[in-house]
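Pasted below: query-v9.txt, compact mmCIF, C-alpha atoms and all ligand atoms.
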```
# COMPACT_ATOMS: atom_id res chain seq x y z
CA MET A 771 24.00 -11.39 252.98
CA VAL A 772 21.60 -11.09 250.10
CA LYS A 773 20.76 -14.33 248.28
CA GLN A 774 21.30 -14.38 244.56
CA PRO A 775 18.57 -15.34 242.09
CA PRO A 776 19.07 -18.50 240.03
CA PRO A 777 19.52 -18.28 236.24
CA SER A 778 15.95 -19.36 235.67
CA SER A 779 12.82 -17.93 237.20
CA ARG A 780 12.24 -20.89 239.48
CA ARG A 781 14.51 -21.55 242.39
CA THR A 782 14.83 -24.97 243.86
CA THR A 783 15.22 -25.05 247.59
CA GLN A 784 17.72 -27.09 249.51
CA PRO A 785 16.69 -30.32 251.16
CA ALA A 786 15.04 -29.73 254.51
CA THR A 787 17.43 -30.28 257.32
CA SER A 788 14.76 -31.12 259.84
CA LYS A 789 15.09 -34.75 258.78
CA ARG A 790 18.72 -34.86 259.78
CA LYS A 791 19.35 -37.05 262.76
CA VAL A 792 20.37 -35.08 265.82
CA ALA A 793 22.94 -36.86 267.92
CA THR A 794 21.59 -37.81 271.30
CA SER A 795 24.53 -39.54 272.89
CA PRO A 796 27.35 -37.47 274.29
CA LYS A 797 29.68 -40.47 274.34
CA LYS A 798 31.54 -40.20 271.09
CA PRO A 799 31.11 -37.27 268.69
CA LYS A 800 31.24 -38.32 265.04
CA ALA A 801 34.41 -37.41 263.23
CA ALA A 802 34.12 -33.98 261.67
CA ALA A 803 36.70 -32.10 263.63
CA LYS A 804 38.05 -30.65 260.41
CA ASP A 805 36.10 -29.94 257.25
CA LYS A 806 38.16 -32.17 255.02
CA ALA A 807 36.68 -34.77 252.71
CA ALA A 808 33.17 -33.36 252.43
CA PRO A 809 32.90 -34.52 248.79
CA VAL A 810 33.91 -38.13 249.47
CA GLU A 811 30.52 -39.44 248.30
CA ASP A 812 30.91 -37.73 244.97
CA ALA A 813 34.48 -38.89 244.57
CA LYS A 814 33.18 -42.40 244.01
CA THR A 815 30.24 -41.62 241.80
CA VAL A 816 30.73 -38.33 239.99
CA THR A 817 30.90 -38.57 236.20
CA GLN A 818 34.00 -37.05 234.68
CA ALA A 819 34.09 -35.12 231.44
CA PRO A 820 36.03 -37.03 228.75
CA ARG A 821 38.76 -34.38 228.68
CA ASP A 822 39.86 -31.16 230.35
CA MET A 823 38.50 -27.92 228.98
CA THR A 824 40.89 -25.76 227.02
CA LYS A 825 41.87 -22.39 228.43
CA GLU A 826 39.49 -20.73 226.03
CA GLU A 827 36.62 -23.02 227.06
CA ILE A 828 37.33 -22.34 230.74
CA ARG A 829 37.16 -18.60 230.18
CA LEU A 830 33.92 -18.96 228.23
CA PHE A 831 32.38 -21.29 230.82
CA LEU A 832 33.22 -18.99 233.73
CA THR A 833 32.08 -15.91 231.82
CA ASP A 834 28.73 -17.64 231.27
CA LEU A 835 28.54 -18.43 235.00
CA SER A 836 29.39 -14.83 235.87
CA HIS A 837 26.38 -13.71 233.84
CA ALA A 838 24.17 -16.34 235.46
CA TRP A 839 25.27 -15.37 238.98
CA PRO A 840 26.06 -11.63 238.96
CA ASN A 841 27.14 -10.19 242.31
CA ALA A 842 27.42 -13.67 243.78
CA VAL A 843 28.34 -13.79 247.45
CA THR A 844 28.39 -16.43 250.14
CA GLU A 845 24.94 -17.46 251.30
CA LEU A 846 26.11 -17.77 254.89
CA HIS A 847 25.07 -14.84 257.07
CA TYR A 848 27.92 -13.05 258.82
CA THR A 849 29.01 -9.55 259.79
CA THR A 850 32.68 -9.89 260.75
CA PRO A 851 35.60 -12.22 259.93
CA PHE A 852 34.95 -13.94 263.27
CA THR A 853 31.26 -14.61 262.59
CA LEU A 854 32.18 -15.74 259.06
CA LEU A 855 34.73 -18.19 260.47
CA VAL A 856 32.21 -19.59 262.95
CA ALA A 857 29.48 -19.86 260.30
CA VAL A 858 31.81 -21.75 257.94
CA VAL A 859 32.88 -24.14 260.71
CA LEU A 860 29.21 -24.79 261.50
CA SER A 861 28.42 -25.40 257.82
CA ALA A 862 30.60 -28.52 257.52
CA GLN A 863 28.27 -31.32 256.45
CA ALA A 864 25.25 -29.04 256.95
CA THR A 865 23.39 -26.73 254.58
CA ASP A 866 23.95 -22.98 254.64
CA ALA A 867 20.21 -22.56 255.24
CA SER A 868 20.34 -24.68 258.41
CA VAL A 869 23.32 -22.67 259.66
CA ASN A 870 21.60 -19.37 258.89
CA ARG A 871 18.67 -20.44 261.03
CA VAL A 872 20.83 -20.78 264.16
CA THR A 873 23.49 -18.09 263.79
CA PRO A 874 21.32 -14.99 264.42
CA GLY A 875 20.66 -16.18 267.98
CA LEU A 876 24.21 -17.41 268.49
CA PHE A 877 25.83 -14.20 267.23
CA ALA A 878 23.43 -12.03 269.23
CA ASP A 879 24.66 -13.76 272.38
CA ALA A 880 28.29 -14.13 271.29
CA PRO A 881 29.48 -11.74 268.58
CA THR A 882 33.16 -11.90 269.63
CA PRO A 883 35.66 -14.62 270.62
CA ALA A 884 35.56 -13.43 274.25
CA ALA A 885 31.77 -13.64 274.35
CA MET A 886 31.86 -17.08 272.70
CA VAL A 887 34.25 -18.39 275.36
CA GLN A 888 32.02 -16.84 278.00
CA LEU A 889 28.94 -18.53 276.50
CA GLY A 890 30.73 -21.88 276.72
CA GLU A 891 30.19 -25.22 275.05
CA GLU A 892 26.79 -25.80 276.63
CA GLY A 893 25.52 -22.34 275.73
CA VAL A 894 26.71 -22.67 272.13
CA GLY A 895 25.15 -26.13 271.96
CA GLU A 896 21.80 -24.69 273.02
CA HIS A 897 21.84 -22.51 269.91
CA ILE A 898 23.13 -24.99 267.33
CA ARG A 899 21.56 -28.33 268.23
CA THR A 900 19.43 -28.44 265.08
CA ILE A 901 22.49 -28.81 262.84
CA GLY A 902 24.48 -31.98 262.31
CA LEU A 903 27.41 -32.82 264.60
CA TRP A 904 26.46 -29.99 266.90
CA ARG A 905 28.26 -31.30 270.00
CA ASN A 906 31.58 -31.46 268.21
CA LYS A 907 30.98 -28.12 266.54
CA ALA A 908 30.08 -26.42 269.84
CA LYS A 909 33.33 -27.70 271.31
CA ASN A 910 35.34 -26.49 268.33
CA VAL A 911 33.72 -23.04 268.20
CA VAL A 912 34.52 -22.37 271.86
CA GLU A 913 38.04 -23.76 271.50
CA LEU A 914 38.85 -21.78 268.36
CA SER A 915 37.56 -18.64 270.09
CA ARG A 916 39.90 -19.33 273.00
CA GLN A 917 42.76 -19.87 270.56
CA LEU A 918 42.00 -16.59 268.77
CA LEU A 919 42.24 -14.76 272.10
CA GLU A 920 45.44 -16.52 273.13
CA ARG A 921 47.27 -16.45 269.80
CA HIS A 922 45.87 -13.59 267.75
CA ASP A 923 44.59 -10.97 270.16
CA GLY A 924 41.02 -11.95 269.35
CA GLN A 925 41.44 -11.34 265.61
CA VAL A 926 40.98 -13.85 262.78
CA PRO A 927 44.40 -14.44 261.19
CA GLY A 928 44.87 -14.01 257.45
CA THR A 929 47.17 -16.92 256.62
CA ARG A 930 46.30 -20.50 255.78
CA ASP A 931 48.68 -22.02 258.34
CA GLN A 932 47.33 -19.91 261.18
CA LEU A 933 43.74 -20.63 260.23
CA GLU A 934 44.27 -24.37 259.85
CA ALA A 935 45.88 -24.47 263.30
CA LEU A 936 42.52 -23.47 264.85
CA ALA A 937 40.09 -26.06 266.23
CA GLY A 938 37.66 -27.35 263.62
CA VAL A 939 39.28 -25.44 260.76
CA GLY A 940 40.35 -27.52 257.77
CA ARG A 941 41.58 -26.57 254.34
CA LYS A 942 38.17 -25.75 252.89
CA THR A 943 37.16 -23.52 255.80
CA ALA A 944 40.51 -21.74 255.65
CA ASN A 945 40.09 -21.23 251.90
CA VAL A 946 36.60 -19.77 252.32
CA VAL A 947 37.73 -17.34 255.03
CA LEU A 948 40.79 -16.29 253.01
CA ASN A 949 38.66 -15.78 249.91
CA VAL A 950 35.68 -14.00 251.49
CA ALA A 951 37.19 -12.09 254.42
CA PHE A 952 40.70 -11.42 253.07
CA ASN A 953 40.06 -11.20 249.30
CA GLN A 954 42.63 -13.86 248.53
CA PRO A 955 42.43 -15.87 245.29
CA THR A 956 41.71 -19.24 246.88
CA VAL A 957 39.47 -21.98 245.44
CA PRO A 958 37.58 -23.73 248.23
CA VAL A 959 36.40 -27.11 246.97
CA ASP A 960 33.18 -28.36 248.52
CA THR A 961 30.93 -31.10 247.24
CA HIS A 962 29.30 -28.80 244.65
CA VAL A 963 32.57 -27.49 243.23
CA PHE A 964 34.07 -30.99 243.19
CA ARG A 965 31.14 -32.33 241.17
CA LEU A 966 30.95 -29.37 238.80
CA ALA A 967 34.69 -29.32 238.08
CA ASN A 968 34.77 -33.02 237.23
CA ARG A 969 31.55 -33.09 235.26
CA THR A 970 32.31 -30.15 233.06
CA GLY A 971 36.04 -30.66 232.51
CA LEU A 972 36.86 -27.43 234.32
CA GLY A 973 39.33 -29.20 236.59
CA ARG A 974 39.16 -32.97 236.89
CA GLY A 975 40.56 -34.94 239.82
CA LYS A 976 39.79 -37.86 242.09
CA THR A 977 40.43 -36.00 245.35
CA VAL A 978 39.55 -32.59 246.73
CA GLU A 979 43.22 -31.62 246.70
CA ALA A 980 43.63 -32.67 243.06
CA VAL A 981 40.60 -30.64 241.99
CA GLU A 982 41.74 -27.62 243.99
CA THR A 983 45.20 -27.78 242.40
CA ALA A 984 43.72 -28.19 238.91
CA LEU A 985 41.36 -25.24 239.37
CA GLU A 986 44.07 -22.99 240.80
CA LYS A 987 46.27 -23.78 237.82
CA ARG A 988 43.61 -23.51 235.13
CA ILE A 989 41.27 -20.67 236.11
CA PRO A 990 42.41 -17.24 234.85
CA PRO A 991 43.89 -15.37 237.87
CA GLU A 992 41.46 -12.48 237.62
CA MET A 993 38.50 -14.90 237.80
CA ILE A 994 39.67 -17.15 240.63
CA ARG A 995 38.19 -15.27 243.56
CA ASP A 996 34.69 -14.80 242.16
CA SER A 997 34.64 -18.23 240.52
CA HIS A 998 34.31 -19.75 243.99
CA HIS A 999 30.83 -18.24 244.39
CA TRP A 1000 29.79 -18.86 240.77
CA MET A 1001 30.72 -22.54 240.99
CA ILE A 1002 29.02 -23.14 244.33
CA LEU A 1003 25.75 -21.52 243.25
CA GLN A 1004 25.84 -23.31 239.90
CA GLY A 1005 26.44 -26.69 241.56
CA ARG A 1006 23.90 -26.09 244.27
CA TYR A 1007 20.99 -24.90 242.14
CA VAL A 1008 21.55 -26.00 238.52
CA CYS A 1009 24.27 -28.63 238.13
CA LYS A 1010 22.72 -30.76 240.85
CA ALA A 1011 24.11 -34.03 242.13
CA ARG A 1012 21.42 -36.45 240.97
CA LYS A 1013 20.38 -34.77 237.77
CA PRO A 1014 21.89 -31.58 236.37
CA GLU A 1015 19.37 -29.18 234.85
CA CYS A 1016 21.28 -28.65 231.62
CA TRP A 1017 18.26 -27.34 229.70
CA ARG A 1018 18.33 -24.16 231.76
CA CYS A 1019 22.08 -23.92 232.25
CA ALA A 1020 23.75 -20.70 231.14
CA ALA A 1021 27.04 -22.49 230.48
CA SER A 1022 25.88 -25.54 228.52
CA VAL A 1023 27.81 -24.67 225.34
CA PRO A 1024 31.37 -24.86 226.72
CA CYS A 1025 30.45 -27.61 229.25
CA LEU A 1026 31.88 -31.01 228.28
CA PHE A 1027 29.48 -33.20 230.27
CA PRO A 1028 28.57 -35.98 227.84
CA ALA A 1029 25.04 -36.68 229.10
CA LYS A 1030 23.35 -33.28 229.15
CA THR A 1031 19.71 -33.40 230.19
CA ASP A 1032 16.67 -32.14 228.27
CA ARG A 1033 13.82 -30.11 229.67
CA PRO A 1034 11.34 -32.52 231.32
CA VAL A 1035 8.18 -33.00 229.30
CA SER A 1036 5.18 -31.91 231.29
CA LYS A 1037 2.21 -34.26 231.17
CA PRO A 1038 -0.95 -32.87 229.52
CA PRO A 1039 -3.79 -32.23 231.96
CA ARG A 1040 -6.25 -35.14 232.27
CA GLN A 1041 -9.50 -34.71 230.41
CA SER A 1042 -12.56 -34.74 232.61
CA THR A 1043 -15.28 -37.11 231.42
S1 LIG A 1101 25.35 -28.15 231.00
FE1 LIG A 1101 24.58 -29.54 232.59
S2 LIG A 1101 26.39 -30.64 233.32
FE2 LIG A 1101 27.11 -28.82 232.22
S3 LIG A 1101 27.37 -27.25 233.83
FE3 LIG A 1101 25.34 -27.00 232.93
S4 LIG A 1101 24.00 -28.18 234.30
FE4 LIG A 1101 26.11 -28.88 234.67
```
Kindly transcribe the structure held in the file into structure tokens.
Amino acid sequence: MVKQPPPSSRRTTQPATSKRKVATSPKKPKAAAKDKAAPVEDAKTVTQAPRDMTKEEIRLFLTDLSHAWPNAVTELHYTTPFTLLVAVVLSAQATDASVNRVTPGLFADAPTPAAMVQLGEEGVGEHIRTIGLWRNKAKNVVELSRQLLERHDGQVPGTRDQLEALAGVGRKTANVVLNVAFNQPTVPVDTHVFRLANRTGLGRGKTVEAVETALEKRIPPEMIRDSHHWMILQGRYVCKARKPECWRCAASVPCLFPAKTDRPVSKPPRQST
């Protein structure tokens, strides 16, 4: 998929994933079987807007984001609903960039559920060991492929219940697949959306579920599907966790964040003596 340009001319890259610790012990995989609770860190620390946006402010805010991120699409690379599902499962607690580095090789060897089962846990692990929680994810990817063959004739199902019944598939993953592969108006809430919604007053809540419910209720129906991509890109590249870059934000007028940031002052060059 083609990456979208940021609203400003300079794009900030994601943190390098090479510093992530790679699990070395096979004894006990860390808990990440499902993709729930990714934004837990933010739930404790994220600053909330003093009030919810009005309907008019929400429409204005999202219209501004739509101009900032035209033609926004997922940054995960995929070619079919199956490869999308696998990529999203792999992206739990990992960056899209780190997943995109491993999936070309994985999907070349295993583009279908049958091929993924054939490749097996060890074979999948060989491809994905640079991303976090790879042992658990390799197990889940093979198991969900087996389940797709057994339950759905090798096809990715298009309902939330069926998706969430698959190994390693939680609510957020199901929402992404429904939104991207099946054009359904879902609002997947990841750490970026959680932070953005609370900070701006778009949809405040202390839990992922509360934010998802608030957004579903408040976003105009015709904007829900695309808003997923706008919000993720905005949170990832502009409304960043540590310090939002409000001075270059396309939606700063309707945003209710009380501590908007100014453009950093660049130091004058040192005079040579
Ligand atoms: S103005 Fe600042 S806080 Fe509000 S959405 Fe933009 S970057 Fe985020």
Each chain A residue no farther than 10 Å from ligand LIG 1101 (chain A), nearest pair in Å, only C-alpha atoms and all ligand atoms, as a tab-separated table:
```
residue	atom	partner	partner_atom	distance
A:Thr817	CA	A:LIG1101	S2	9.6
A:Ala819	CA	A:LIG1101	S2	9.1
A:Phe831	CA	A:LIG1101	S3	8.3
A:Leu835	CA	A:LIG1101	S3	9.0
A:Arg965	CA	A:LIG1101	FE4	8.9
A:Leu966	CA	A:LIG1101	FE4	6.4
A:Ala967	CA	A:LIG1101	S3	8.7
A:Asn968	CA	A:LIG1101	S2	9.5
A:Arg969	CA	A:LIG1101	S2	6.0
A:Thr970	CA	A:LIG1101	FE2	5.4
A:Gly971	CA	A:LIG1101	FE2	9.1
A:Leu972	CA	A:LIG1101	S3	9.5
A:Met1001	CA	A:LIG1101	S3	9.2
A:Gln1004	CA	A:LIG1101	S3	7.4
A:Gly1005	CA	A:LIG1101	FE4	7.2
A:Tyr1007	CA	A:LIG1101	S4	9.0
A:Val1008	CA	A:LIG1101	S4	5.3
A:Cys1009	CA	A:LIG1101	S4	3.9
A:Lys1010	CA	A:LIG1101	S4	7.2
A:Ala1011	CA	A:LIG1101	FE4	9.3
A:Lys1013	CA	A:LIG1101	S4	8.3
A:Pro1014	CA	A:LIG1101	S4	4.5
A:Glu1015	CA	A:LIG1101	S4	4.8
A:Cys1016	CA	A:LIG1101	FE1	3.6
A:Trp1017	CA	A:LIG1101	S1	7.3
A:Arg1018	CA	A:LIG1101	S4	7.4
A:Cys1019	CA	A:LIG1101	FE3	4.5
A:Ala1020	CA	A:LIG1101	FE3	6.7
A:Ala1021	CA	A:LIG1101	FE3	5.4
A:Ser1022	CA	A:LIG1101	S1	3.6
A:Val1023	CA	A:LIG1101	S1	7.1
A:Pro1024	CA	A:LIG1101	FE2	8.0
A:Cys1025	CA	A:LIG1101	FE2	4.6
A:Leu1026	CA	A:LIG1101	FE2	6.6
A:Phe1027	CA	A:LIG1101	S2	5.0
A:Pro1028	CA	A:LIG1101	S2	8.0
A:Ala1029	CA	A:LIG1101	S2	7.5
A:Lys1030	CA	A:LIG1101	FE1	5.2
A:Thr1031	CA	A:LIG1101	FE1	6.7
A:Asp1032	CA	A:LIG1101	FE1	9.4
```
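For the residues A:Leu1003, A:Asn910, A:Ser915, A:Val959, ranking by smallest atom-to-atom distance to Leu985 (chain A) using all atoms listed in the file places A:Val959 first.
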| Test item: residues at most 8 Å from Ala884 (chain A), only C-alpha atoms, excluding those fewer than 4 positions along its chain, as a PyMOL selection string | chain A and resi 880+888+915-916+919+924
| task | Excluding region 869-878 of chain A and residues on its chain fewer than 6 positions from it, collect all residues at most 9 Å away from it, counting all atoms listed in the file, and give them as a PyMOL selection string. | result | chain A and resi 845-848+853+856-858+860-861+886+893-894+896-901
Those residues you just picked out, can you put them in a file as a PDB file, in the frame of the given file with C-alpha atoms?
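Full text of part.pdb as output:
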```pdb
ATOM      1  CA  GLU A 845      24.940 -17.460 251.300  1.00  0.00           C
ATOM      2  CA  LEU A 846      26.110 -17.770 254.890  1.00  0.00           C
ATOM      3  CA  HIS A 847      25.070 -14.840 257.070  1.00  0.00           C
ATOM      4  CA  TYR A 848      27.920 -13.050 258.820  1.00  0.00           C
ATOM      5  CA  THR A 853      31.260 -14.610 262.590  1.00  0.00           C
ATOM      6  CA  VAL A 856      32.210 -19.590 262.950  1.00  0.00           C
ATOM      7  CA  ALA A 857      29.480 -19.860 260.300  1.00  0.00           C
ATOM      8  CA  VAL A 858      31.810 -21.750 257.940  1.00  0.00           C
ATOM      9  CA  LEU A 860      29.210 -24.790 261.500  1.00  0.00           C
ATOM     10  CA  SER A 861      28.420 -25.400 257.820  1.00  0.00           C
ATOM     11  CA  MET A 886      31.860 -17.080 272.700  1.00  0.00           C
ATOM     12  CA  GLY A 893      25.520 -22.340 275.730  1.00  0.00           C
ATOM     13  CA  VAL A 894      26.710 -22.670 272.130  1.00  0.00           C
ATOM     14  CA  GLU A 896      21.800 -24.690 273.020  1.00  0.00           C
ATOM     15  CA  HIS A 897      21.840 -22.510 269.910  1.00  0.00           C
ATOM     16  CA  ILE A 898      23.130 -24.990 267.330  1.00  0.00           C
ATOM     17  CA  ARG A 899      21.560 -28.330 268.230  1.00  0.00           C
ATOM     18  CA  THR A 900      19.430 -28.440 265.080  1.00  0.00           C
ATOM     19  CA  ILE A 901      22.490 -28.810 262.840  1.00  0.00           C
TER      20      ILE A 901
END
```
| Which of A:Asp879, A:His962, A:Arg821, A:Arg930 sits closest to Thr865 (chain A) [using all atoms listed in the file] |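 Counting all atoms listed in the file, the residue closest to Thr865 (chain A) is A:His962.
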| message | List as a VMD selection string the protein and nucleic acid residues near Val957 (chain A), meaning an atom at most 9 Å away when all atoms listed in the file are counted, but skip any in the same chain fewer than 3 places from it. | response | chain A and resid 942 945 to 946 949 982 to 983 985 to 986 994 to 995 997 to 998
| With all atoms listed in the file as the atoms that count, which of A:Val859, A:Lys976, A:Val816, A:Phe852 lies nearest to Arg1012 (chain A)? |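 Smallest distance to Arg1012 (chain A) is found for A:Val816.
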Adding 6 Å on each side of the box along x, y and z that holds all listed atoms of region 1025-1029 of chain A, could you give its centre and edge lengths in Å to one decimal, as lines of an AutoDock Vina configuration file?
```
center_x = 28.5
center_y = -32.1
center_z = 229.1
size_x = 18.8
size_y = 21.1
size_z = 14.4
```
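Atom to atom, CA of Gln818 (chain A) and CA of Gly973 (chain A) stand 9.7 Å apart.
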| query | In terms of the shortest atom-to-atom distance over only C-alpha atoms, which of A:Arg988, A:Trp1000, A:Asp866, A:Glu934 is closest to Thr824 (chain A)? | reply | A:Arg988
| request: Please measure the separation of CA of Glu891 (chain A) and CA of Ala864 (chain A), giving the value in Å to one decimal. | output: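 Those two atoms sit 19.1 Å apart.
Atom to atom, CA of Leu854 (chain A) and CA of Pro840 (chain A) stand 21.4 Å apart.
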| task | Excluding Pro927 (chain A) and any residue of its chain fewer than 2 positions from it, enumerate the residues within 10 Å of it, using all atoms listed in the file, and give them as a ChimeraX atom specification. | result | /A:851-852,918,921-925,929-933,936,944,947-948,952
| said: Taking all atoms listed in the file into account, name the residue in A:Val843, A:Glu892, A:Val981, A:Leu914 that is nearest to Ala951 (chain A). | reply: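 Closest residue, counting all atoms listed in the file: A:Val843.
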| task | Step by step: start from the point (41.1, -28.9, 266.8) in the file's coordinates, keep every protein, DNA or RNA residue that has an atom no farther than 10 Å from it, count all atoms listed in the file, and write the set as a list in words. | result |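 Answer for this query, in the requested form: Ala803, Lys804, Asn906, Lys909, Asn910, Val911, Glu913, Leu914, Gln917, Glu934, Ala935, Leu936, Ala937, Gly938, Val939 and Gly940 of chain A.
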Saving region 833-876 of chain A with C-alpha atoms, as an mmCIF file, in the first residue's frame, what would that file be?
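The result, written out as result.cif:
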```cif
data_model
loop_
_atom_site.group_PDB
_atom_site.id
_atom_site.type_symbol
_atom_site.label_atom_id
_atom_site.label_comp_id
_atom_site.auth_asym_id
_atom_site.auth_seq_id
_atom_site.Cartn_x
_atom_site.Cartn_y
_atom_site.Cartn_z
ATOM 1 C CA THR A 833 -12.974 17.469 7.744
ATOM 2 C CA ASP A 834 -9.654 19.128 8.597
ATOM 3 C CA LEU A 835 -8.073 15.686 9.080
ATOM 4 C CA SER A 836 -9.504 14.495 5.767
ATOM 5 C CA HIS A 837 -7.710 17.369 4.046
ATOM 6 C CA ALA A 838 -4.490 16.621 5.918
ATOM 7 C CA TRP A 839 -4.620 12.916 5.046
ATOM 8 C CA PRO A 840 -6.316 12.585 1.640
ATOM 9 C CA ASN A 841 -6.604 9.029 0.315
ATOM 10 C CA ALA A 842 -5.477 7.636 3.654
ATOM 11 C CA VAL A 843 -5.096 3.871 3.767
ATOM 12 C CA THR A 844 -3.593 1.379 6.169
ATOM 13 C CA GLU A 845 0.194 1.436 6.210
ATOM 14 C CA LEU A 846 0.359 -2.339 6.576
ATOM 15 C CA HIS A 847 1.248 -4.127 3.354
ATOM 16 C CA TYR A 848 -1.254 -6.759 2.238
ATOM 17 C CA THR A 849 -2.846 -8.117 -0.927
ATOM 18 C CA THR A 850 -5.794 -10.215 0.278
ATOM 19 C CA PRO A 851 -8.102 -10.330 3.320
ATOM 20 C CA PHE A 852 -5.994 -13.232 4.608
ATOM 21 C CA THR A 853 -2.678 -11.367 4.359
ATOM 22 C CA LEU A 854 -4.353 -8.302 5.907
ATOM 23 C CA LEU A 855 -5.578 -10.415 8.826
ATOM 24 C CA VAL A 856 -2.126 -11.895 9.386
ATOM 25 C CA ALA A 857 -0.424 -8.492 9.117
ATOM 26 C CA VAL A 858 -2.803 -6.981 11.675
ATOM 27 C CA VAL A 859 -2.266 -9.887 14.081
ATOM 28 C CA LEU A 860 1.497 -9.415 13.732
ATOM 29 C CA SER A 861 1.196 -5.662 14.343
ATOM 30 C CA ALA A 862 -0.079 -6.015 17.930
ATOM 31 C CA GLN A 863 2.433 -4.174 20.105
ATOM 32 C CA ALA A 864 4.750 -3.713 17.107
ATOM 33 C CA THR A 865 5.078 -0.930 14.554
ATOM 34 C CA ASP A 866 3.607 -1.258 11.070
ATOM 35 C CA ALA A 867 7.094 -0.613 9.680
ATOM 36 C CA SER A 868 8.545 -3.598 11.554
ATOM 37 C CA VAL A 869 5.716 -5.808 10.297
ATOM 38 C CA ASN A 870 6.175 -4.597 6.725
ATOM 39 C CA ARG A 871 9.806 -5.636 6.876
ATOM 40 C CA VAL A 872 8.932 -9.289 7.555
ATOM 41 C CA THR A 873 5.689 -9.876 5.663
ATOM 42 C CA PRO A 874 7.065 -9.842 2.082
ATOM 43 C CA GLY A 875 9.113 -12.958 2.837
ATOM 44 C CA LEU A 876 6.372 -14.571 4.892
#
```
